[in-house]
Every structure is written in C-alpha cells, then in structure tokens.
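Coordinates as given in work-v4.cif (mmCIF, N, CA and C atoms):
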data_upload
#
loop_
_atom_site.label_atom_id
_atom_site.label_comp_id
_atom_site.auth_asym_id
_atom_site.auth_seq_id
_atom_site.Cartn_x
_atom_site.Cartn_y
_atom_site.Cartn_z
N MET A 1077 172.44 -208.46 91.83
CA MET A 1077 173.22 -207.27 92.14
C MET A 1077 174.17 -206.99 90.96
N CYS A 1078 174.24 -205.75 90.54
CA CYS A 1078 175.07 -205.34 89.41
C CYS A 1078 176.55 -205.39 89.80
N PRO A 1079 177.38 -206.07 88.97
CA PRO A 1079 178.80 -206.17 89.32
C PRO A 1079 179.60 -204.89 89.05
N VAL A 1080 179.00 -203.90 88.36
CA VAL A 1080 179.72 -202.65 88.09
C VAL A 1080 179.32 -201.62 89.14
N LYS A 1081 180.31 -201.13 89.85
CA LYS A 1081 180.07 -200.18 90.94
C LYS A 1081 180.60 -198.80 90.54
N ASP A 1082 179.75 -197.78 90.71
CA ASP A 1082 180.17 -196.39 90.51
C ASP A 1082 180.88 -195.90 91.76
N VAL A 1083 182.05 -195.31 91.59
CA VAL A 1083 182.79 -194.73 92.72
C VAL A 1083 182.74 -193.22 92.55
N ARG A 1084 182.24 -192.52 93.57
CA ARG A 1084 182.01 -191.08 93.49
C ARG A 1084 182.81 -190.33 94.55
N ILE A 1085 182.95 -189.02 94.32
CA ILE A 1085 183.59 -188.15 95.32
C ILE A 1085 182.71 -188.19 96.57
N PRO A 1086 183.31 -188.50 97.73
CA PRO A 1086 182.51 -188.59 98.96
C PRO A 1086 182.02 -187.23 99.45
N LYS A 1087 181.12 -187.29 100.40
CA LYS A 1087 180.59 -186.07 101.04
C LYS A 1087 181.75 -185.37 101.74
N TYR A 1088 181.84 -184.07 101.53
CA TYR A 1088 182.90 -183.29 102.18
C TYR A 1088 182.58 -183.13 103.67
N PRO A 1089 183.60 -183.13 104.52
CA PRO A 1089 183.36 -182.91 105.96
C PRO A 1089 182.72 -181.55 106.19
N GLU A 1090 181.80 -181.49 107.14
CA GLU A 1090 181.11 -180.24 107.45
C GLU A 1090 182.07 -179.14 107.88
N CYS A 1091 183.17 -179.52 108.50
CA CYS A 1091 184.11 -178.51 109.01
C CYS A 1091 184.75 -177.70 107.88
N TRP A 1092 184.74 -178.22 106.63
CA TRP A 1092 185.35 -177.48 105.53
C TRP A 1092 184.68 -176.14 105.34
N GLU A 1093 183.38 -176.08 105.57
CA GLU A 1093 182.64 -174.83 105.41
C GLU A 1093 182.94 -173.85 106.54
N SER A 1094 183.10 -174.37 107.76
CA SER A 1094 183.22 -173.49 108.92
C SER A 1094 184.65 -173.06 109.26
N CYS A 1095 185.61 -173.99 109.21
CA CYS A 1095 186.94 -173.60 109.67
C CYS A 1095 187.88 -173.20 108.53
N GLY A 1096 187.70 -173.80 107.36
CA GLY A 1096 188.54 -173.43 106.22
C GLY A 1096 189.97 -173.90 106.30
N SER A 1097 190.30 -174.80 107.21
CA SER A 1097 191.67 -175.26 107.35
C SER A 1097 192.09 -176.25 106.27
N CYS A 1098 191.14 -177.01 105.74
CA CYS A 1098 191.48 -178.03 104.74
C CYS A 1098 191.24 -177.54 103.32
N ALA A 1099 190.04 -177.11 103.06
CA ALA A 1099 189.66 -176.71 101.71
C ALA A 1099 189.83 -175.22 101.54
N SER A 1100 190.52 -174.86 100.50
CA SER A 1100 190.73 -173.45 100.20
C SER A 1100 190.56 -173.29 98.70
N GLY A 1101 189.42 -172.80 98.28
CA GLY A 1101 189.18 -172.66 96.85
C GLY A 1101 188.68 -173.94 96.23
N GLU A 1102 188.92 -174.08 94.93
CA GLU A 1102 188.41 -175.19 94.16
C GLU A 1102 189.13 -176.50 94.51
N ILE A 1103 188.39 -177.59 94.46
CA ILE A 1103 188.95 -178.92 94.69
C ILE A 1103 189.12 -179.57 93.32
N PHE A 1104 190.30 -180.12 93.07
CA PHE A 1104 190.55 -180.70 91.75
C PHE A 1104 191.34 -182.00 91.88
N VAL A 1105 191.38 -182.75 90.78
CA VAL A 1105 192.10 -184.01 90.73
C VAL A 1105 193.59 -183.71 90.53
N GLN A 1106 194.38 -184.07 91.52
CA GLN A 1106 195.83 -183.88 91.43
C GLN A 1106 196.45 -184.97 90.57
N SER A 1107 196.03 -186.22 90.79
CA SER A 1107 196.55 -187.32 89.98
C SER A 1107 195.56 -188.47 89.92
N VAL A 1108 195.57 -189.14 88.78
CA VAL A 1108 194.76 -190.34 88.54
C VAL A 1108 195.73 -191.51 88.53
N LEU A 1109 195.50 -192.48 89.41
CA LEU A 1109 196.46 -193.55 89.60
C LEU A 1109 196.03 -194.89 89.00
N VAL A 1110 194.89 -194.90 88.29
CA VAL A 1110 194.39 -196.14 87.68
C VAL A 1110 194.05 -195.89 86.22
N SER A 1111 193.92 -196.98 85.46
CA SER A 1111 193.52 -196.88 84.06
C SER A 1111 192.57 -198.03 83.73
N VAL A 1112 191.85 -197.87 82.63
CA VAL A 1112 190.89 -198.89 82.19
C VAL A 1112 191.61 -200.22 81.99
N GLY A 1113 190.99 -201.29 82.50
CA GLY A 1113 191.55 -202.63 82.37
C GLY A 1113 192.43 -203.04 83.54
N GLU A 1114 192.79 -202.10 84.39
CA GLU A 1114 193.67 -202.39 85.52
C GLU A 1114 192.89 -203.10 86.63
N ARG A 1115 193.51 -204.12 87.23
CA ARG A 1115 192.94 -204.79 88.40
C ARG A 1115 193.31 -203.97 89.63
N VAL A 1116 192.32 -203.80 90.51
CA VAL A 1116 192.54 -203.04 91.75
C VAL A 1116 192.04 -203.86 92.92
N ALA A 1117 192.60 -203.59 94.07
CA ALA A 1117 192.19 -204.23 95.31
C ALA A 1117 191.50 -203.20 96.20
N ARG A 1118 190.68 -203.69 97.08
CA ARG A 1118 190.03 -202.81 98.05
C ARG A 1118 191.10 -201.98 98.74
N ASP A 1119 190.84 -200.70 98.87
CA ASP A 1119 191.70 -199.71 99.52
C ASP A 1119 192.88 -199.23 98.68
N ASP A 1120 193.04 -199.75 97.44
CA ASP A 1120 194.04 -199.16 96.53
C ASP A 1120 193.61 -197.72 96.24
N THR A 1121 194.54 -196.80 96.13
CA THR A 1121 194.23 -195.42 95.84
C THR A 1121 193.86 -195.27 94.37
N LEU A 1122 192.69 -194.66 94.11
CA LEU A 1122 192.22 -194.43 92.75
C LEU A 1122 192.71 -193.09 92.22
N ILE A 1123 192.47 -192.04 93.00
CA ILE A 1123 192.89 -190.70 92.62
C ILE A 1123 193.36 -189.96 93.87
N VAL A 1124 194.05 -188.86 93.64
CA VAL A 1124 194.44 -187.95 94.72
C VAL A 1124 193.79 -186.62 94.42
N LEU A 1125 193.08 -186.08 95.42
CA LEU A 1125 192.45 -184.76 95.30
C LEU A 1125 193.33 -183.71 95.93
N GLU A 1126 193.33 -182.53 95.36
CA GLU A 1126 194.03 -181.37 95.93
C GLU A 1126 192.97 -180.39 96.40
N THR A 1127 193.01 -180.04 97.68
CA THR A 1127 192.00 -179.14 98.23
C THR A 1127 192.49 -177.72 98.40
N GLY A 1128 193.71 -177.45 98.05
CA GLY A 1128 194.29 -176.13 98.25
C GLY A 1128 195.28 -176.13 99.40
N LYS A 1129 195.00 -176.94 100.43
CA LYS A 1129 195.91 -177.03 101.57
C LYS A 1129 196.34 -178.46 101.86
N VAL A 1130 195.55 -179.44 101.44
CA VAL A 1130 195.90 -180.84 101.68
C VAL A 1130 195.61 -181.67 100.44
N ALA A 1131 196.29 -182.80 100.34
CA ALA A 1131 196.01 -183.78 99.29
C ALA A 1131 195.29 -184.95 99.96
N LEU A 1132 194.22 -185.43 99.33
CA LEU A 1132 193.44 -186.53 99.87
C LEU A 1132 193.44 -187.69 98.90
N GLU A 1133 193.80 -188.88 99.37
CA GLU A 1133 193.76 -190.08 98.55
C GLU A 1133 192.38 -190.70 98.67
N LEU A 1134 191.77 -191.05 97.52
CA LEU A 1134 190.47 -191.71 97.53
C LEU A 1134 190.66 -193.18 97.18
N PRO A 1135 190.29 -194.07 98.12
CA PRO A 1135 190.51 -195.50 97.92
C PRO A 1135 189.38 -196.18 97.16
N CYS A 1136 189.70 -197.34 96.61
CA CYS A 1136 188.72 -198.19 95.94
C CYS A 1136 187.92 -198.93 97.01
N PRO A 1137 186.59 -198.99 96.89
CA PRO A 1137 185.78 -199.65 97.90
C PRO A 1137 185.78 -201.18 97.82
N ASP A 1138 186.17 -201.75 96.66
CA ASP A 1138 186.12 -203.20 96.46
C ASP A 1138 187.21 -203.66 95.51
N ASP A 1139 187.49 -204.96 95.52
CA ASP A 1139 188.36 -205.56 94.51
C ASP A 1139 187.64 -205.55 93.17
N GLY A 1140 188.38 -205.41 92.08
CA GLY A 1140 187.75 -205.48 90.77
C GLY A 1140 188.65 -205.00 89.66
N GLU A 1141 188.02 -204.68 88.53
CA GLU A 1141 188.73 -204.19 87.35
C GLU A 1141 188.13 -202.86 86.94
N ILE A 1142 188.98 -201.89 86.66
CA ILE A 1142 188.53 -200.57 86.23
C ILE A 1142 187.94 -200.68 84.83
N VAL A 1143 186.67 -200.28 84.67
CA VAL A 1143 186.03 -200.34 83.35
C VAL A 1143 185.86 -198.95 82.74
N GLU A 1144 185.94 -197.90 83.57
CA GLU A 1144 185.83 -196.54 83.06
C GLU A 1144 186.47 -195.59 84.06
N VAL A 1145 187.26 -194.65 83.55
CA VAL A 1145 187.82 -193.57 84.36
C VAL A 1145 187.14 -192.30 83.90
N CYS A 1146 186.50 -191.59 84.82
CA CYS A 1146 185.64 -190.46 84.47
C CYS A 1146 186.25 -189.10 84.76
N VAL A 1147 187.46 -189.07 85.28
CA VAL A 1147 188.13 -187.81 85.59
C VAL A 1147 189.55 -187.84 85.02
N GLU A 1148 190.11 -186.66 84.84
CA GLU A 1148 191.49 -186.52 84.41
C GLU A 1148 192.21 -185.58 85.37
N GLU A 1149 193.52 -185.60 85.33
CA GLU A 1149 194.31 -184.69 86.17
C GLU A 1149 193.91 -183.26 85.88
N ASN A 1150 193.82 -182.48 86.94
CA ASN A 1150 193.48 -181.05 86.92
C ASN A 1150 191.98 -180.78 86.74
N ASP A 1151 191.15 -181.82 86.62
CA ASP A 1151 189.70 -181.61 86.54
C ASP A 1151 189.19 -181.08 87.88
N PRO A 1152 188.36 -180.03 87.86
CA PRO A 1152 187.68 -179.63 89.09
C PRO A 1152 186.62 -180.67 89.42
N VAL A 1153 186.42 -180.99 90.69
CA VAL A 1153 185.42 -181.97 91.09
C VAL A 1153 184.61 -181.43 92.26
N ASP A 1154 183.46 -182.04 92.42
CA ASP A 1154 182.56 -181.67 93.51
C ASP A 1154 181.99 -182.93 94.13
N GLU A 1155 181.47 -182.79 95.30
CA GLU A 1155 180.83 -183.88 96.01
C GLU A 1155 179.84 -184.62 95.11
N GLY A 1156 179.94 -185.94 95.05
CA GLY A 1156 179.02 -186.75 94.27
C GLY A 1156 179.44 -187.01 92.84
N ASP A 1157 180.49 -186.34 92.35
CA ASP A 1157 180.94 -186.56 90.97
C ASP A 1157 181.46 -187.99 90.81
N LEU A 1158 181.21 -188.58 89.65
CA LEU A 1158 181.66 -189.92 89.33
C LEU A 1158 183.17 -189.91 89.04
N ILE A 1159 183.91 -190.80 89.71
CA ILE A 1159 185.37 -190.90 89.54
C ILE A 1159 185.69 -192.03 88.56
N VAL A 1160 185.31 -193.24 88.94
CA VAL A 1160 185.56 -194.43 88.13
C VAL A 1160 184.39 -195.40 88.27
N ARG A 1161 184.38 -196.37 87.36
CA ARG A 1161 183.44 -197.49 87.46
C ARG A 1161 184.29 -198.75 87.55
N VAL A 1162 183.94 -199.61 88.51
CA VAL A 1162 184.71 -200.82 88.79
C VAL A 1162 183.81 -202.04 88.63
N ASN A 1163 184.28 -203.01 87.83
CA ASN A 1163 183.58 -204.28 87.70
C ASN A 1163 184.02 -205.15 88.87
N THR A 1164 183.10 -205.41 89.79
CA THR A 1164 183.41 -206.17 91.00
C THR A 1164 182.98 -207.63 90.87
N GLY A 1165 182.47 -208.01 89.69
CA GLY A 1165 181.96 -209.37 89.50
C GLY A 1165 183.02 -210.38 89.18
#

Conversion result in structure tokens:
Amino acid sequence: MCPVKDVRIPKYPECWESCGSCASGEIFVQSVLVSVGERVARDDTLIVLETGKVALELPCPDDGEIVEVCVEENDPVDEGDLIVRVNTG
C-alpha cells in the first residue's frame, strides 16, 4: 500500500443544487492551514472552504506529514480537486 495519500475536495451534498442555502456562487479556498513538512493528525483541519454562505473545514483523513500542498488561498475549487498529499507511512 502506498504511504502517500491524496486528499481531495469531497463530493458536494446533493441539497446544494436544490435548496441553495449553503452554496452560493463559486467555492474557493478561504485559508490553507498546513504547509509542506508539517506533521498532522487525523481530523486536523487542512483547509477552510468558503461557499458564499458558509465556511467548511476539511479535515485530514490520517496521521502523517504534508508532502505537497496543491491549493492556495482564494483558489476556486471543485469536487474532486486535489488539496494536499500526505505521507502516512
């Protein structure tokens, strides 16, 4: 098993399309809270997304070390986009 894990933007909730209460317009990176070489623990917040009406924190799925950060603040993002790569080995 490869010790480097890709962390991606998760699937958006189906309700975003129908009700419009959460997402309004473009979704972008509000803040990046990690950097290359940093040790992270499972559930540490990696980035915060801004949806237009709410901010969403995206957690790290595993303990490890950040080996690549693929987004910057104010970057527009979409479902499935690569956020960071974490060495979990």

Can you work out the spacing between CA of Val1112 (chain A) and CA of Val1143 (chain A) in Å, to one decimal?
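Value for the CA of Val1112 (chain A)-CA of Val1143 (chain A) distance: 5.2 Å.
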
Identify all residues of chain A in strand (DSSP E) (DSSP on the backbone) and supply them as a ChimeraX atom specification.
/A:1080-1084,1099-1108,1115-1116,1121-1128,1131-1135,1140-1145,1158-1163

Tell me which residues the PyMOL selection byres (((chain A and resi 1120 and name CA) around 12) and name CA) grabs here, as JSON, numbers by chain.
{"A": [1108, 1109, 1110, 1114, 1115, 1116, 1117, 1118, 1119, 1121, 1122, 1123, 1124, 1133, 1134, 1135, 1136, 1137, 1138, 1139, 1140, 1141, 1142]}

Store the residues picked out above in a file with N, CA and C atoms, as a CSV table (one decimal), in the coordinates of the input.
chain,number,residue,atom,x,y,z
A,1108,VAL,N,195.6,-189.1,88.8
A,1108,VAL,CA,194.8,-190.3,88.5
A,1108,VAL,C,195.7,-191.5,88.5
A,1109,LEU,N,195.5,-192.5,89.4
A,1109,LEU,CA,196.5,-193.6,89.6
A,1109,LEU,C,196.0,-194.9,89.0
A,1110,VAL,N,194.9,-194.9,88.3
A,1110,VAL,CA,194.4,-196.1,87.7
A,1110,VAL,C,194.0,-195.9,86.2
A,1114,GLU,N,192.8,-202.1,84.4
A,1114,GLU,CA,193.7,-202.4,85.5
A,1114,GLU,C,192.9,-203.1,86.6
A,1115,ARG,N,193.5,-204.1,87.2
A,1115,ARG,CA,192.9,-204.8,88.4
A,1115,ARG,C,193.3,-204.0,89.6
A,1116,VAL,N,192.3,-203.8,90.5
A,1116,VAL,CA,192.5,-203.0,91.8
A,1116,VAL,C,192.0,-203.9,92.9
A,1117,ALA,N,192.6,-203.6,94.1
A,1117,ALA,CA,192.2,-204.2,95.3
A,1117,ALA,C,191.5,-203.2,96.2
A,1118,ARG,N,190.7,-203.7,97.1
A,1118,ARG,CA,190.0,-202.8,98.0
A,1118,ARG,C,191.1,-202.0,98.7
A,1119,ASP,N,190.8,-200.7,98.9
A,1119,ASP,CA,191.7,-199.7,99.5
A,1119,ASP,C,192.9,-199.2,98.7
A,1121,THR,N,194.5,-196.8,96.1
A,1121,THR,CA,194.2,-195.4,95.8
A,1121,THR,C,193.9,-195.3,94.4
A,1122,LEU,N,192.7,-194.7,94.1
A,1122,LEU,CA,192.2,-194.4,92.8
A,1122,LEU,C,192.7,-193.1,92.2
A,1123,ILE,N,192.5,-192.0,93.0
A,1123,ILE,CA,192.9,-190.7,92.6
A,1123,ILE,C,193.4,-190.0,93.9
A,1124,VAL,N,194.0,-188.9,93.6
A,1124,VAL,CA,194.4,-188.0,94.7
A,1124,VAL,C,193.8,-186.6,94.4
A,1133,GLU,N,193.8,-188.9,99.4
A,1133,GLU,CA,193.8,-190.1,98.6
A,1133,GLU,C,192.4,-190.7,98.7
A,1134,LEU,N,191.8,-191.0,97.5
A,1134,LEU,CA,190.5,-191.7,97.5
A,1134,LEU,C,190.7,-193.2,97.2
A,1135,PRO,N,190.3,-194.1,98.1
A,1135,PRO,CA,190.5,-195.5,97.9
A,1135,PRO,C,189.4,-196.2,97.2
A,1136,CYS,N,189.7,-197.3,96.6
A,1136,CYS,CA,188.7,-198.2,95.9
A,1136,CYS,C,187.9,-198.9,97.0
A,1137,PRO,N,186.6,-199.0,96.9
A,1137,PRO,CA,185.8,-199.6,97.9
A,1137,PRO,C,185.8,-201.2,97.8
A,1138,ASP,N,186.2,-201.8,96.7
A,1138,ASP,CA,186.1,-203.2,96.5
A,1138,ASP,C,187.2,-203.7,95.5
A,1139,ASP,N,187.5,-205.0,95.5
A,1139,ASP,CA,188.4,-205.6,94.5
A,1139,ASP,C,187.6,-205.6,93.2
A,1140,GLY,N,188.4,-205.4,92.1
A,1140,GLY,CA,187.8,-205.5,90.8
A,1140,GLY,C,188.6,-205.0,89.7
A,1141,GLU,N,188.0,-204.7,88.5
A,1141,GLU,CA,188.7,-204.2,87.4
A,1141,GLU,C,188.1,-202.9,86.9
A,1142,ILE,N,189.0,-201.9,86.7
A,1142,ILE,CA,188.5,-200.6,86.2
A,1142,ILE,C,187.9,-200.7,84.8

Tell me which of A:Ile1103, A:Val1080, A:Lys1087, A:Lys1129 sits closest to Val1153 (chain A), counting only C-alpha atoms.
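Among A:Ile1103, A:Val1080, A:Lys1087, A:Lys1129, it is A:Ile1103 that comes nearest to Val1153 (chain A).
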
Can you work out which one of A:Pro1079, A:Asn1163, A:Ile1085, A:Val1105 has the shortest atom-to-atom distance to Asp1151 (chain A), counting all atoms listed in the file?
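Of the candidates, the smallest distance to Asp1151 (chain A) is held by A:Val1105.
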
note - atom N of Asn1150 (chain A) and CA of Leu1125 (chain A) are separated by 8.8 Å

Counting only N, CA and C atoms, which residue out of A:Val1147, A:Lys1081, A:Pro1086, A:Thr1127 sits closest to Thr1164 (chain A)?
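Checking each of A:Val1147, A:Lys1081, A:Pro1086, A:Thr1127 against Thr1164 (chain A), counting only N, CA and C atoms, the winner is A:Lys1081.
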
Identify all residues of region 1077-1156 of chain A in alpha helix (DSSP H) (DSSP on the backbone) and supply them as a VMD selection string.
chain A and resid 1091 to 1094

Best match for closeness to Gln1106 (chain A) among A:Val1160, A:Arg1084, A:Glu1149, A:Glu1144, counting only N, CA and C atoms
A:Glu1149

What is the atom N of Ala1131 (chain A) to atom N of Val1162 (chain A) distance in Å?
24.0 Å
